[in-house]
Amino acid sequence: MKRIRIIMIAFLFGFLLFAGNASSFHGNFRLLQNRFIENSTIVYDLCKIDDNNDFNDFTFDPMDIRLEDDAYHKSRGLHFCEWWYFDATFDNSYSAQFSIRVFDILNRYVFLAGLNIYKDGNLIANSNKLYPRDQVFASTSEPLILLDGKEVMRGYIDENTGDWTYLINLEIDGLSVDLTYIGETKGWKGATPGVGWWGVILPRAKVTGNLSLNGIVLNVNGIGYHDHNWDVKVSATVNFGWYWGKIDSPEYTITWADVKMTRFSENPFMVINIKNGEYVNIPSSSIHIIPNNLKFSNRRFIPDSITLIVEHDDIQLNIDMEIIDTHHFRRFGFLNYWRFHLYCSGQLTINGQTEIIDEYNIAEFLRFR
């Protein structure tokens with residue numbers, strides 16, 4: 001545990017360096033350093049992890065989500081991060097991923113917006129921008145974010161249709177998305193093992209709008225996804241990391257994840273949404289997430305494909321996900337993240353009715369160590 005404590009403290013100090021050196025961050029870096037030293041006992045107490053915690057006893061228990069759950073939750077003490085994540089795969093071989101992250105430590109926080117555009121799974125454009133707190137408005141009562149006075153995210157329930165609808169208009173350095181997300185599935189939320197709260201607001205959504213790459217505008221249509229993580233504290237870095245992804249068939253959407261306390265531990269969970277209907281939680285004991293054909297990438301081993309197998313009551317699932325391309329980046333000297341573009345094939349059987357899986361989607365693999 002000593003090594004893990006050192007890693008977490010190093011992460012906090014690394015964040016201060018990151019925030020202090022950002023040209024668009026106007027806070028007093030020396031003040032941040034002093035506050036970090038003054039609050040070192042807080043960090044030490046937070047890093048006292050109970051070695052007897054048995055994460056294998058964790059049971060994921062999703063519940064219905066409310067629109068206000070997607071509002072800004074703010075800091076509850078010493079925070080690691082809070083973020084809003086969106087992605088979409090379009091019918092013209094393009095895909096997009098964008099997020100707004102809040103890094104909050106000792107009540108000093110900064111917002112980071114990121115935008116990535118892919119073609120056939122290959123990264124072709126990306127931009128990131130830091131916003132200090134005086135350039136940000138994030139509502140604590142509804143999904144609404146303004147950056148530098150411009151509305152970039154707004155979520156609401158359409159009074160006429162009842163659809164959960166999100167308007168996204170994000171522009172960074174000549175790269176932009178102007179998209180409308182209309183939900184096709186019921187959202188849910190749940191506490192995750194050692195990480196925080198995970199709200200899957202739009203497990204599946206119809207997405208329309210346009211992408212703009214250096215003045216070239218592309219009209220797009222496709223399927224999207226949106227989630228929100230909050231109350232993610234520094235103690236999350238005790239975990240080895242996690243896998244996460246989703247799969248769409250004509251009538252179902254599968255959201256899956258595996259939070260790993262160690263390299264070999266398993267805490268898988270999965271929720272299956274019925275299009276325009278309810279969702280089903282699959283118990284961990286019925287889920288098998290199998291990384292295949294490990295290969296060396298960016299000084300770490302990552303899989304070449306992933307297999308999902310489920311046997312639970314009247315639900316059978318067998319899907320192979322071939323990794324077509326990867327986008328890797330590294331943060332704070334120890335956090336490694338891979339975004340996978342996957343080709344998913346197989347079948348899902350529910351109550352004797354089988355649907356064929358044949359689609360491309362996005363997944364991720366994050367490692368803290």
# chains A, B, ... in the order shown; residues from 1 in each chain; ligands from 1

$ residues_around --residues "Ile315 (chain A)" --least-positions-apart "6" --cutoff "8 Å" --atoms "only C-alpha atoms" --output "list in words"
Leu348, Thr349, Ile350 and Asn351 of chain A

$ residues_around --residues "Ile282 (chain A)" --least-positions-apart "4" --cutoff "7 Å" --atoms "only C-alpha atoms" --output "PyMOL selection string"
chain A and resi 269-271+286

$ write_last_selection --atoms "N, CA and C atoms" --output "tab-separated table (two decimals), in the first residue's frame"
chain	number	residue	atom	x	y	z
A	269	PHE	N	-19.68	-5.96	-14.77
A	269	PHE	CA	-21.10	-5.70	-14.70
A	269	PHE	C	-21.61	-5.32	-16.09
A	270	MET	N	-22.91	-5.53	-16.27
A	270	MET	CA	-23.53	-5.34	-17.58
A	270	MET	C	-25.00	-5.01	-17.41
A	271	VAL	N	-25.46	-4.06	-18.21
A	271	VAL	CA	-26.87	-3.70	-18.26
A	271	VAL	C	-27.32	-3.79	-19.71
A	286	SER	N	-22.67	-14.14	-13.88
A	286	SER	CA	-23.09	-14.64	-15.20
A	286	SER	C	-22.31	-14.02	-16.35

$ atom_distance --atom1 "CA of Asn267 (chain A)" --atom2 "CA of Trp242 (chain A)"
9.2 Å

$ residues_around --residues "Asn128 (chain A)" --least-positions-apart "6" --cutoff "7 Å" --atoms "only C-alpha atoms" --output "PyMOL selection string"
chain A and resi 112-115+172

$ write_last_selection --atoms "N, CA and C atoms" --output "PDB file, in the first residue's frame"
ATOM      1  N   LEU A 112     -11.686  21.051 -18.427  1.00  0.00           N
ATOM      2  CA  LEU A 112     -10.951  20.681 -19.634  1.00  0.00           C
ATOM      3  C   LEU A 112     -11.933  20.101 -20.639  1.00  0.00           C
ATOM      4  N   ALA A 113     -12.064  20.741 -21.806  1.00  0.00           N
ATOM      5  CA  ALA A 113     -12.909  20.240 -22.882  1.00  0.00           C
ATOM      6  C   ALA A 113     -12.024  19.569 -23.931  1.00  0.00           C
ATOM      7  N   GLY A 114     -12.453  18.406 -24.408  1.00  0.00           N
ATOM      8  CA  GLY A 114     -11.688  17.672 -25.412  1.00  0.00           C
ATOM      9  C   GLY A 114     -12.589  17.171 -26.519  1.00  0.00           C
ATOM     10  N   LEU A 115     -12.080  17.182 -27.748  1.00  0.00           N
ATOM     11  CA  LEU A 115     -12.856  16.781 -28.922  1.00  0.00           C
ATOM     12  C   LEU A 115     -11.968  15.960 -29.841  1.00  0.00           C
ATOM     13  N   ILE A 172     -13.411  23.954 -30.732  1.00  0.00           N
ATOM     14  CA  ILE A 172     -12.073  24.172 -30.186  1.00  0.00           C
ATOM     15  C   ILE A 172     -11.089  24.268 -31.347  1.00  0.00           C
TER      16      ILE A 172
END

$ atom_distance --atom1 "CA of Ile247 (chain A)" --atom2 "CA of Glu142 (chain A)"
27.9 Å
